[in-house]
>>> print(open('target.pdb').read())   # PDB, C-alpha atoms
ATOM      1  CA  MET A  25     -36.534  -3.707  68.418
ATOM      2  CA  LEU A  26     -36.666  -7.388  69.230
ATOM      3  CA  LEU A  27     -37.624  -9.484  66.209
ATOM      4  CA  LEU A  28     -39.266 -12.803  67.014
ATOM      5  CA  ALA A  29     -39.709 -15.792  64.750
ATOM      6  CA  SER A  30     -41.729 -18.750  66.010
ATOM      7  CA  CYS A  31     -41.394 -22.033  64.150
ATOM      8  CA  VAL A  32     -43.856 -24.709  65.220
ATOM      9  CA  GLY A  33     -43.956 -28.321  64.097
ATOM     10  CA  LEU A  34     -40.595 -28.447  62.332
ATOM     11  CA  ALA A  35     -39.231 -31.952  61.816
ATOM     12  CA  TRP A  36     -35.575 -32.415  62.680
ATOM     13  CA  SER A  37     -33.568 -35.542  61.983
ATOM     14  CA  TRP A  38     -30.563 -36.180  64.126
ATOM     15  CA  SER A  39     -28.155 -39.100  64.262
ATOM     16  CA  THR A  40     -28.494 -41.326  67.331
ATOM     17  CA  ARG A  41     -25.932 -43.205  69.427
ATOM     18  CA  THR A  42     -26.538 -46.736  70.693
ATOM     19  CA  VAL A  43     -25.517 -47.383  74.283
ATOM     20  CA  GLY A  44     -24.571 -50.896  75.390
ATOM     21  CA  GLY A  45     -24.307 -54.067  73.311
ATOM     22  CA  VAL A  46     -26.472 -56.988  72.208
ATOM     23  CA  ARG A  47     -26.900 -59.747  74.780
ATOM     24  CA  THR A  48     -27.197 -63.389  73.743
ATOM     25  CA  ARG A  49     -28.726 -66.230  75.780
ATOM     26  CA  SER A  50     -27.324 -69.234  73.934
ATOM     27  CA  ALA A  51     -25.064 -70.608  76.704
ATOM     28  CA  PRO A  52     -26.169 -73.293  79.196
ATOM     29  CA  ALA A  53     -28.550 -72.076  81.883
ATOM     30  CA  VAL A  54     -26.026 -71.366  84.671
ATOM     31  CA  ALA A  55     -23.465 -69.808  82.386
ATOM     32  CA  ALA A  56     -26.164 -67.810  80.649
ATOM     33  CA  ALA A  57     -27.419 -66.421  83.954
ATOM     34  CA  ALA A  58     -23.888 -65.376  84.943
ATOM     35  CA  ALA A  59     -23.296 -63.848  81.517
ATOM     36  CA  GLY A  60     -26.597 -62.018  81.770
ATOM     37  CA  LEU A  61     -25.680 -60.513  85.149
ATOM     38  CA  ALA A  62     -22.290 -59.451  83.817
ATOM     39  CA  ALA A  63     -23.907 -57.885  80.766
ATOM     40  CA  ASP A  64     -26.435 -56.072  82.962
ATOM     41  CA  ALA A  65     -23.608 -54.644  85.065
ATOM     42  CA  ALA A  66     -21.654 -53.600  81.974
ATOM     43  CA  MET A  67     -24.715 -51.933  80.455
ATOM     44  CA  ALA A  68     -25.394 -50.079  83.724
ATOM     45  CA  ALA A  69     -21.787 -48.873  83.787
ATOM     46  CA  ASP A  70     -22.072 -47.779  80.149
ATOM     47  CA  ALA A  71     -25.266 -45.899  80.973
ATOM     48  CA  THR A  72     -23.571 -44.146  83.917
ATOM     49  CA  ASP A  73     -20.575 -43.191  81.775
ATOM     50  CA  THR A  74     -22.884 -41.941  79.039
ATOM     51  CA  ALA A  75     -24.915 -39.883  81.520
ATOM     52  CA  GLU A  76     -21.732 -38.181  82.734
ATOM     53  CA  TYR A  77     -20.619 -37.604  79.135
ATOM     54  CA  LEU A  78     -23.937 -35.945  78.297
ATOM     55  CA  TRP A  79     -23.909 -33.585  81.272
ATOM     56  CA  ARG A  80     -20.259 -32.854  82.032
ATOM     57  CA  GLY A  81     -17.179 -31.591  80.266
ATOM     58  CA  GLU A  82     -16.178 -29.291  77.460
ATOM     59  CA  VAL A  83     -17.472 -30.158  73.972
ATOM     60  CA  PRO A  84     -14.893 -29.480  71.238
ATOM     61  CA  LEU A  85     -16.358 -28.393  67.899
ATOM     62  CA  PRO A  86     -14.447 -27.736  64.665
ATOM     63  CA  GLY A  87     -13.182 -24.189  64.255
ATOM     64  CA  ALA A  88     -14.014 -23.067  67.793
ATOM     65  CA  ASP A  89     -12.610 -23.085  71.309
ATOM     66  CA  CYS A  90     -14.936 -24.376  74.055
ATOM     67  CA  GLN A  91     -15.242 -23.383  77.697
ATOM     68  CA  GLU A  92     -17.506 -25.037  80.287
ATOM     69  CA  ARG A  93     -18.581 -23.262  83.482
ATOM     70  CA  LEU A  94     -21.058 -23.740  86.310
ATOM     71  CA  VAL A  95     -22.627 -20.325  86.841
ATOM     72  CA  GLY A  96     -24.725 -19.262  89.811
ATOM     73  CA  ALA A  97     -28.253 -18.486  88.636
ATOM     74  CA  SER A  98     -29.975 -17.905  91.989
ATOM     75  CA  PRO A  99     -29.129 -18.678  95.633
ATOM     76  CA  GLY A 100     -28.211 -22.361  95.822
ATOM     77  CA  VAL A 101     -28.616 -23.044  92.082
ATOM     78  CA  ALA A 102     -25.844 -23.280  89.468
ATOM     79  CA  LEU A 103     -26.313 -23.956  85.757
ATOM     80  CA  ARG A 104     -23.949 -25.457  83.204
ATOM     81  CA  VAL A 105     -22.886 -23.046  80.472
ATOM     82  CA  LEU A 106     -20.950 -23.996  77.347
ATOM     83  CA  ARG A 107     -19.330 -21.206  75.336
ATOM     84  CA  TRP A 108     -17.785 -21.583  71.902
ATOM     85  CA  SER A 109     -15.581 -18.860  70.457
ATOM     86  CA  PRO A 110     -14.594 -19.165  66.778
ATOM     87  CA  THR A 111     -10.883 -19.438  66.125
ATOM     88  CA  ASP A 112     -11.355 -17.069  63.176
ATOM     89  CA  SER A 113     -10.962 -13.537  64.567
ATOM     90  CA  ALA A 114     -13.620 -11.996  62.314
ATOM     91  CA  ALA A 115     -16.186 -14.633  63.319
ATOM     92  CA  ALA A 116     -15.208 -14.274  66.986
ATOM     93  CA  GLY A 117     -16.085 -10.574  66.822
ATOM     94  CA  ARG A 118     -19.649 -11.176  65.713
ATOM     95  CA  ARG A 119     -22.708 -10.809  67.912
ATOM     96  CA  PRO A 120     -23.132 -13.798  70.283
ATOM     97  CA  LEU A 121     -26.006 -16.237  69.970
ATOM     98  CA  VAL A 122     -27.586 -17.500  73.188
ATOM     99  CA  PHE A 123     -28.978 -21.020  72.781
ATOM    100  CA  VAL A 124     -31.611 -22.337  75.224
ATOM    101  CA  ALA A 125     -32.870 -25.850  74.490
ATOM    102  CA  GLY A 126     -36.055 -27.628  75.586
ATOM    103  CA  TRP A 127     -37.072 -29.581  78.687
ATOM    104  CA  GLY A 128     -34.445 -32.225  79.487
ATOM    105  CA  SER A 129     -32.809 -31.680  76.088
ATOM    106  CA  VAL A 130     -29.180 -32.827  75.809
ATOM    107  CA  PHE A 131     -26.456 -31.191  73.760
ATOM    108  CA  GLU A 132     -26.062 -34.234  71.527
ATOM    109  CA  GLY A 133     -29.473 -33.590  69.972
ATOM    110  CA  TRP A 134     -28.257 -30.192  68.777
ATOM    111  CA  ARG A 135     -24.681 -31.174  67.870
ATOM    112  CA  PRO A 136     -25.181 -31.037  64.050
ATOM    113  CA  LEU A 137     -26.620 -27.522  64.193
ATOM    114  CA  LEU A 138     -24.084 -26.196  66.706
ATOM    115  CA  THR A 139     -21.210 -27.785  64.783
ATOM    116  CA  THR A 140     -22.232 -25.642  61.811
ATOM    117  CA  TRP A 141     -22.655 -22.458  63.840
ATOM    118  CA  ALA A 142     -19.763 -22.551  66.323
ATOM    119  CA  SER A 143     -17.104 -21.621  63.770
ATOM    120  CA  ARG A 144     -19.193 -18.696  62.481
ATOM    121  CA  ARG A 145     -20.103 -16.741  65.617
ATOM    122  CA  PRO A 146     -19.780 -16.964  69.423
ATOM    123  CA  ILE A 147     -22.313 -19.345  70.984
ATOM    124  CA  ILE A 148     -23.507 -19.343  74.604
ATOM    125  CA  TYR A 149     -25.379 -22.581  75.387
ATOM    126  CA  ILE A 150     -27.222 -22.491  78.728
ATOM    127  CA  GLU A 151     -28.695 -25.641  80.284
ATOM    128  CA  THR A 152     -31.798 -24.849  82.333
ATOM    129  CA  ARG A 153     -32.367 -25.910  85.920
ATOM    130  CA  GLU A 154     -34.458 -29.036  85.297
ATOM    131  CA  LYS A 155     -31.507 -30.721  83.590
ATOM    132  CA  LYS A 156     -29.160 -33.225  85.244
ATOM    133  CA  SER A 157     -26.254 -30.801  84.888
ATOM    134  CA  ALA A 158     -27.852 -28.249  87.256
ATOM    135  CA  GLU A 159     -26.567 -28.214  90.828
ATOM    136  CA  PHE A 160     -28.788 -27.444  93.829
ATOM    137  CA  ASP A 161     -27.703 -26.782  97.404
ATOM    138  CA  PHE A 162     -31.224 -27.709  98.553
ATOM    139  CA  ARG A 163     -34.002 -30.123  97.678
ATOM    140  CA  PRO A 164     -36.114 -28.342  95.038
ATOM    141  CA  ASN A 165     -39.903 -28.470  94.834
ATOM    142  CA  VAL A 166     -42.400 -27.739  92.069
ATOM    143  CA  ALA A 167     -42.338 -23.989  92.716
ATOM    144  CA  ASP A 168     -38.606 -23.951  91.981
ATOM    145  CA  PHE A 169     -39.369 -24.836  88.365
ATOM    146  CA  ALA A 170     -41.923 -22.105  87.631
ATOM    147  CA  MET A 171     -41.435 -20.451  84.255
ATOM    148  CA  ALA A 172     -40.370 -17.149  85.810
ATOM    149  CA  ARG A 173     -37.598 -18.990  87.685
ATOM    150  CA  HIS A 174     -36.228 -20.340  84.420
ATOM    151  CA  ALA A 175     -36.316 -16.928  82.733
ATOM    152  CA  ASP A 176     -34.708 -15.183  85.698
ATOM    153  CA  ASP A 177     -31.980 -17.849  85.699
ATOM    154  CA  ILE A 178     -31.043 -16.986  82.131
ATOM    155  CA  ALA A 179     -30.902 -13.270  82.936
ATOM    156  CA  ALA A 180     -28.743 -13.964  86.006
ATOM    157  CA  VAL A 181     -26.344 -16.211  84.066
ATOM    158  CA  LEU A 182     -25.834 -13.594  81.360
ATOM    159  CA  ALA A 183     -25.204 -10.939  84.005
ATOM    160  CA  ALA A 184     -22.700 -13.210  85.756
ATOM    161  CA  ILE A 185     -20.680 -13.782  82.574
ATOM    162  CA  GLY A 186     -20.836 -10.126  81.564
ATOM    163  CA  VAL A 187     -23.154 -10.374  78.569
ATOM    164  CA  ALA A 188     -25.935  -7.813  78.085
ATOM    165  CA  PRO A 189     -29.186  -9.500  76.935
ATOM    166  CA  SER A 190     -29.938  -6.552  74.652
ATOM    167  CA  SER A 191     -26.756  -7.305  72.665
ATOM    168  CA  VAL A 192     -27.485 -10.933  71.752
ATOM    169  CA  ASP A 193     -29.522 -13.000  69.326
ATOM    170  CA  TRP A 194     -31.491 -15.974  70.666
ATOM    171  CA  PHE A 195     -32.251 -19.494  69.498
ATOM    172  CA  SER A 196     -34.572 -21.620  71.628
ATOM    173  CA  SER A 197     -36.971 -24.552  71.553
ATOM    174  CA  SER A 198     -39.929 -25.773  73.605
ATOM    175  CA  LEU A 199     -39.215 -24.888  77.257
ATOM    176  CA  GLY A 200     -36.443 -22.557  76.126
ATOM    177  CA  ALA A 201     -38.800 -20.678  73.806
ATOM    178  CA  THR A 202     -41.516 -20.543  76.475
ATOM    179  CA  LEU A 203     -39.215 -19.110  79.144
ATOM    180  CA  LEU A 204     -37.948 -16.500  76.714
ATOM    181  CA  LEU A 205     -41.500 -15.347  75.972
ATOM    182  CA  ASP A 206     -42.085 -15.066  79.720
ATOM    183  CA  GLY A 207     -38.854 -13.128  80.175
ATOM    184  CA  PHE A 208     -39.573 -10.781  77.266
ATOM    185  CA  GLN A 209     -43.103 -10.094  78.503
ATOM    186  CA  ARG A 210     -41.930  -9.292  82.038
ATOM    187  CA  GLY A 211     -38.940  -7.253  80.892
ATOM    188  CA  ALA A 212     -36.501  -9.658  82.538
ATOM    189  CA  LEU A 213     -34.887 -10.449  79.174
ATOM    190  CA  ASP A 214     -34.174  -8.537  76.007
ATOM    191  CA  GLY A 215     -32.407  -9.122  72.710
ATOM    192  CA  ARG A 216     -31.962  -8.108  69.093
ATOM    193  CA  ALA A 217     -33.632 -11.108  67.448
ATOM    194  CA  SER A 218     -35.029 -14.465  68.502
ATOM    195  CA  VAL A 219     -35.887 -17.676  66.666
ATOM    196  CA  MET A 220     -38.214 -19.893  68.721
ATOM    197  CA  LEU A 221     -39.101 -23.491  67.920
ATOM    198  CA  ALA A 222     -42.421 -24.758  69.305
ATOM    199  CA  PRO A 223     -43.055 -22.444  72.274
ATOM    200  CA  ASN A 224     -45.813 -23.773  74.536
ATOM    201  CA  PRO A 225     -48.891 -21.755  75.582
ATOM    202  CA  ALA A 226     -48.770 -23.685  78.851
ATOM    203  CA  PHE A 227     -45.968 -25.775  80.341
TER     204      PHE A 227
END
>>> encode(input="target.pdb", output="structure tokens")
Amino acid sequence: MLLLASCVGLAWSWSTRTVGGVRTRSAPAVAAAAAGLAADAAMAADATDTAEYLWRGEVPLPGADCQERLVGASPGVALRVLRWSPTDSAAAGRRPLVFVAGWGSVFEGWRPLLTTWASRRPIIYIETREKKSAEFDFRPNVADFAMARHADDIAAVLAAIGVAPSSVDWFSSSLGATLLLDGFQRGALDGRASVMLAPNPAF
């Protein structure tokens, strides 16, 4: 039996990271203009570096080993998957948790929660196809982001990495919770238990 828990309107407080520095305009006009252009370029470079950091690379967490993969979800579409396996053998043998975040959500927003969980049980974090980390071999259109596409992606990713949906627990929010409801209703997805934050009746 799949147990569902829907939590709507929960307030979460996460730490934030400031990108770029403070620019001053106290120099003479010409020097100030040059300094401003240099600062703009530096801030743009920082933003580019930060964007790559948010969407690429393994994410080490205490007490767990991390693996990053791009996994084919449908023809021409690959999704980023992060997997943490606890270094403690007993924790590593526990049932995996599949984590599907909301629309455009980045890992950093969930770092405090995942830092607590990753040492306690295996975590499979799947980034959905609307995110910058997704890779397309074609130019997508609106139909490529239908809810059923998202849900089928998750099923395909789990199949590709050898994980049976019926054997996992789920944690999801917003878009992630909505696509899981779609997948459960259509029989495309299954599971033992699911906690859903703020699923949407329409997306």
>>> atom_distance(input="target.pdb", atom1="atom CA of A:Gly100", atom2="atom CA of A:Trp79")
18.9 Å
>>> closest_residue(input="target.pdb", among="A:Ala184, A:Val83, A:Ile147, A:Ala167", to="A:Gly96", atoms="only C-alpha atoms")
A:Ala184
>>> closest_residue(input="target.pdb", among="A:Ala88, A:Ala217, A:Tyr77, A:Arg153", to="A:Asp168", atoms="all atoms listed in the file")
A:Arg153
>>> residues_near_point(input="target.pdb", point="(-27.6, -28.7, 90.7)", cutoff="10 Å", atoms="all atoms listed in the file", output="PDB file with C-alpha atoms, in the frame of the given file")
ATOM      1  CA  LEU A  94     -21.058 -23.740  86.310  1.00  0.00           C
ATOM      2  CA  GLY A  96     -24.725 -19.262  89.811  1.00  0.00           C
ATOM      3  CA  GLY A 100     -28.211 -22.361  95.822  1.00  0.00           C
ATOM      4  CA  VAL A 101     -28.616 -23.044  92.082  1.00  0.00           C
ATOM      5  CA  ALA A 102     -25.844 -23.280  89.468  1.00  0.00           C
ATOM      6  CA  LEU A 103     -26.313 -23.956  85.757  1.00  0.00           C
ATOM      7  CA  ARG A 104     -23.949 -25.457  83.204  1.00  0.00           C
ATOM      8  CA  ARG A 153     -32.367 -25.910  85.920  1.00  0.00           C
ATOM      9  CA  GLU A 154     -34.458 -29.036  85.297  1.00  0.00           C
ATOM     10  CA  LYS A 155     -31.507 -30.721  83.590  1.00  0.00           C
ATOM     11  CA  LYS A 156     -29.160 -33.225  85.244  1.00  0.00           C
ATOM     12  CA  SER A 157     -26.254 -30.801  84.888  1.00  0.00           C
ATOM     13  CA  ALA A 158     -27.852 -28.249  87.256  1.00  0.00           C
ATOM     14  CA  GLU A 159     -26.567 -28.214  90.828  1.00  0.00           C
ATOM     15  CA  PHE A 160     -28.788 -27.444  93.829  1.00  0.00           C
ATOM     16  CA  ASP A 161     -27.703 -26.782  97.404  1.00  0.00           C
ATOM     17  CA  PHE A 162     -31.224 -27.709  98.553  1.00  0.00           C
ATOM     18  CA  ARG A 163     -34.002 -30.123  97.678  1.00  0.00           C
ATOM     19  CA  PRO A 164     -36.114 -28.342  95.038  1.00  0.00           C
TER      20      PRO A 164
END
>>> closest_residue(input="target.pdb", among="A:Val130, A:Ala222, A:Ala201, A:Ala97", to="A:Arg80", atoms="all atoms listed in the file")
A:Val130
>>> atom_distance(input="target.pdb", atom1="atom CA of A:Ser198", atom2="atom CA of A:Glu132")
16.4 Å
>>> resolve_selection(input="target.pdb", expression="the PyMOL selection byres ((chain A and resi 172-181) around 7)", output="ChimeraX atom specification")
/A:95-98,152-153,168-171,182-185,203-204,206-207,212-213
>>> residues_around(input="target.pdb", residues="A:Phe195", least_positions_apart="4", cutoff="7 Å", atoms="all atoms listed in the file", output="number ranges by chain")
A: 122-124, 218-220
>>> closest_residue(input="target.pdb", among="A:Ile148, A:Ala142, A:Ala125, A:Val187", to="A:Pro223", atoms="only C-alpha atoms")
A:Ala125
>>> atom_distance(input="target.pdb", atom1="atom CA of A:Gln91", atom2="atom CA of A:Thr111")
13.0 Å
>>> decode(input="target.pdb", residues="stretch 128-213 of chain A", atoms="C-alpha atoms", output="mmCIF file, in the first residue's frame")
data_model
loop_
_atom_site.group_PDB
_atom_site.id
_atom_site.type_symbol
_atom_site.label_atom_id
_atom_site.label_comp_id
_atom_site.auth_asym_id
_atom_site.auth_seq_id
_atom_site.Cartn_x
_atom_site.Cartn_y
_atom_site.Cartn_z
ATOM 1 C CA GLY A 128 13.454 25.122 -11.312
ATOM 2 C CA SER A 129 14.485 24.189 -7.764
ATOM 3 C CA VAL A 130 18.244 23.929 -7.159
ATOM 4 C CA PHE A 131 19.984 21.511 -4.830
ATOM 5 C CA GLU A 132 21.297 24.306 -2.623
ATOM 6 C CA GLY A 133 17.776 25.046 -1.390
ATOM 7 C CA TRP A 134 17.537 21.507 -0.026
ATOM 8 C CA ARG A 135 21.133 21.145 1.201
ATOM 9 C CA PRO A 136 20.306 21.401 4.958
ATOM 10 C CA LEU A 137 17.679 18.662 4.740
ATOM 11 C CA LEU A 138 19.737 16.366 2.504
ATOM 12 C CA THR A 139 22.827 16.880 4.665
ATOM 13 C CA THR A 140 20.841 15.421 7.562
ATOM 14 C CA TRP A 141 19.431 12.518 5.558
ATOM 15 C CA ALA A 142 22.345 11.408 3.362
ATOM 16 C CA SER A 143 24.246 9.696 6.174
ATOM 17 C CA ARG A 144 21.121 7.820 7.308
ATOM 18 C CA ARG A 145 19.809 6.179 4.133
ATOM 19 C CA PRO A 146 20.505 6.070 0.372
ATOM 20 C CA ILE A 147 19.178 9.133 -1.465
ATOM 21 C CA ILE A 148 18.371 9.384 -5.182
ATOM 22 C CA TYR A 149 17.910 13.040 -6.197
ATOM 23 C CA ILE A 150 16.448 13.463 -9.697
ATOM 24 C CA GLU A 151 16.386 16.850 -11.441
ATOM 25 C CA THR A 152 13.392 17.153 -13.764
ATOM 26 C CA ARG A 153 13.556 18.163 -17.406
ATOM 27 C CA GLU A 154 12.735 21.867 -17.041
ATOM 28 C CA LYS A 155 15.950 22.431 -15.089
ATOM 29 C CA LYS A 156 19.188 23.803 -16.554
ATOM 30 C CA SER A 157 20.942 20.500 -15.879
ATOM 31 C CA ALA A 158 18.711 18.599 -18.345
ATOM 32 C CA GLU A 159 20.180 17.907 -21.777
ATOM 33 C CA PHE A 160 18.087 17.857 -24.962
ATOM 34 C CA ASP A 161 19.139 16.657 -28.405
ATOM 35 C CA PHE A 162 16.323 18.758 -29.902
ATOM 36 C CA ARG A 163 14.581 22.068 -29.339
ATOM 37 C CA PRO A 164 11.748 21.331 -26.882
ATOM 38 C CA ASN A 165 8.276 22.858 -27.044
ATOM 39 C CA VAL A 166 5.467 23.244 -24.519
ATOM 40 C CA ALA A 167 4.183 19.707 -25.091
ATOM 41 C CA ASP A 168 7.558 18.334 -24.002
ATOM 42 C CA PHE A 169 6.885 19.623 -20.492
ATOM 43 C CA ALA A 170 3.446 18.068 -19.958
ATOM 44 C CA MET A 171 3.004 16.528 -16.522
ATOM 45 C CA ALA A 172 2.888 12.990 -17.910
ATOM 46 C CA ARG A 173 6.290 13.580 -19.544
ATOM 47 C CA HIS A 174 7.791 14.496 -16.186
ATOM 48 C CA ALA A 175 6.301 11.449 -14.456
ATOM 49 C CA ASP A 176 7.382 9.083 -17.223
ATOM 50 C CA ASP A 177 10.896 10.551 -17.010
ATOM 51 C CA ILE A 178 11.148 9.588 -13.353
ATOM 52 C CA ALA A 179 9.961 6.047 -14.077
ATOM 53 C CA ALA A 180 12.469 5.735 -16.938
ATOM 54 C CA VAL A 181 15.363 7.036 -14.817
ATOM 55 C CA LEU A 182 14.638 4.558 -12.029
ATOM 56 C CA ALA A 183 14.449 1.725 -14.555
ATOM 57 C CA ALA A 184 17.754 2.819 -16.097
ATOM 58 C CA ILE A 185 19.573 2.769 -12.747
ATOM 59 C CA GLY A 186 17.985 -0.514 -11.693
ATOM 60 C CA VAL A 187 15.687 0.726 -8.938
ATOM 61 C CA ALA A 188 12.123 -0.599 -8.678
ATOM 62 C CA PRO A 189 9.651 2.225 -7.874
ATOM 63 C CA SER A 190 7.670 -0.116 -5.622
ATOM 64 C CA SER A 191 10.728 -0.488 -3.354
ATOM 65 C CA VAL A 192 11.329 3.195 -2.578
ATOM 66 C CA ASP A 193 10.016 5.990 -0.395
ATOM 67 C CA TRP A 194 9.412 9.407 -1.969
ATOM 68 C CA PHE A 195 9.923 13.015 -0.940
ATOM 69 C CA SER A 196 8.743 15.734 -3.319
ATOM 70 C CA SER A 197 7.611 19.344 -3.525
ATOM 71 C CA SER A 198 5.499 21.462 -5.871
ATOM 72 C CA LEU A 199 6.131 20.189 -9.422
ATOM 73 C CA GLY A 200 7.733 17.061 -7.991
ATOM 74 C CA ALA A 201 4.664 16.307 -5.875
ATOM 75 C CA THR A 202 2.323 17.045 -8.789
ATOM 76 C CA LEU A 203 4.137 14.729 -11.200
ATOM 77 C CA LEU A 204 4.136 11.965 -8.614
ATOM 78 C CA LEU A 205 0.362 12.244 -8.195
ATOM 79 C CA ASP A 206 0.026 12.005 -11.978
ATOM 80 C CA GLY A 207 2.329 8.991 -12.087
ATOM 81 C CA PHE A 208 0.551 7.229 -9.220
ATOM 82 C CA GLN A 209 -2.866 7.829 -10.777
ATOM 83 C CA ARG A 210 -1.789 6.470 -14.169
ATOM 84 C CA GLY A 211 0.122 3.533 -12.707
ATOM 85 C CA ALA A 212 3.408 4.781 -14.153
ATOM 86 C CA LEU A 213 4.917 5.093 -10.665
#
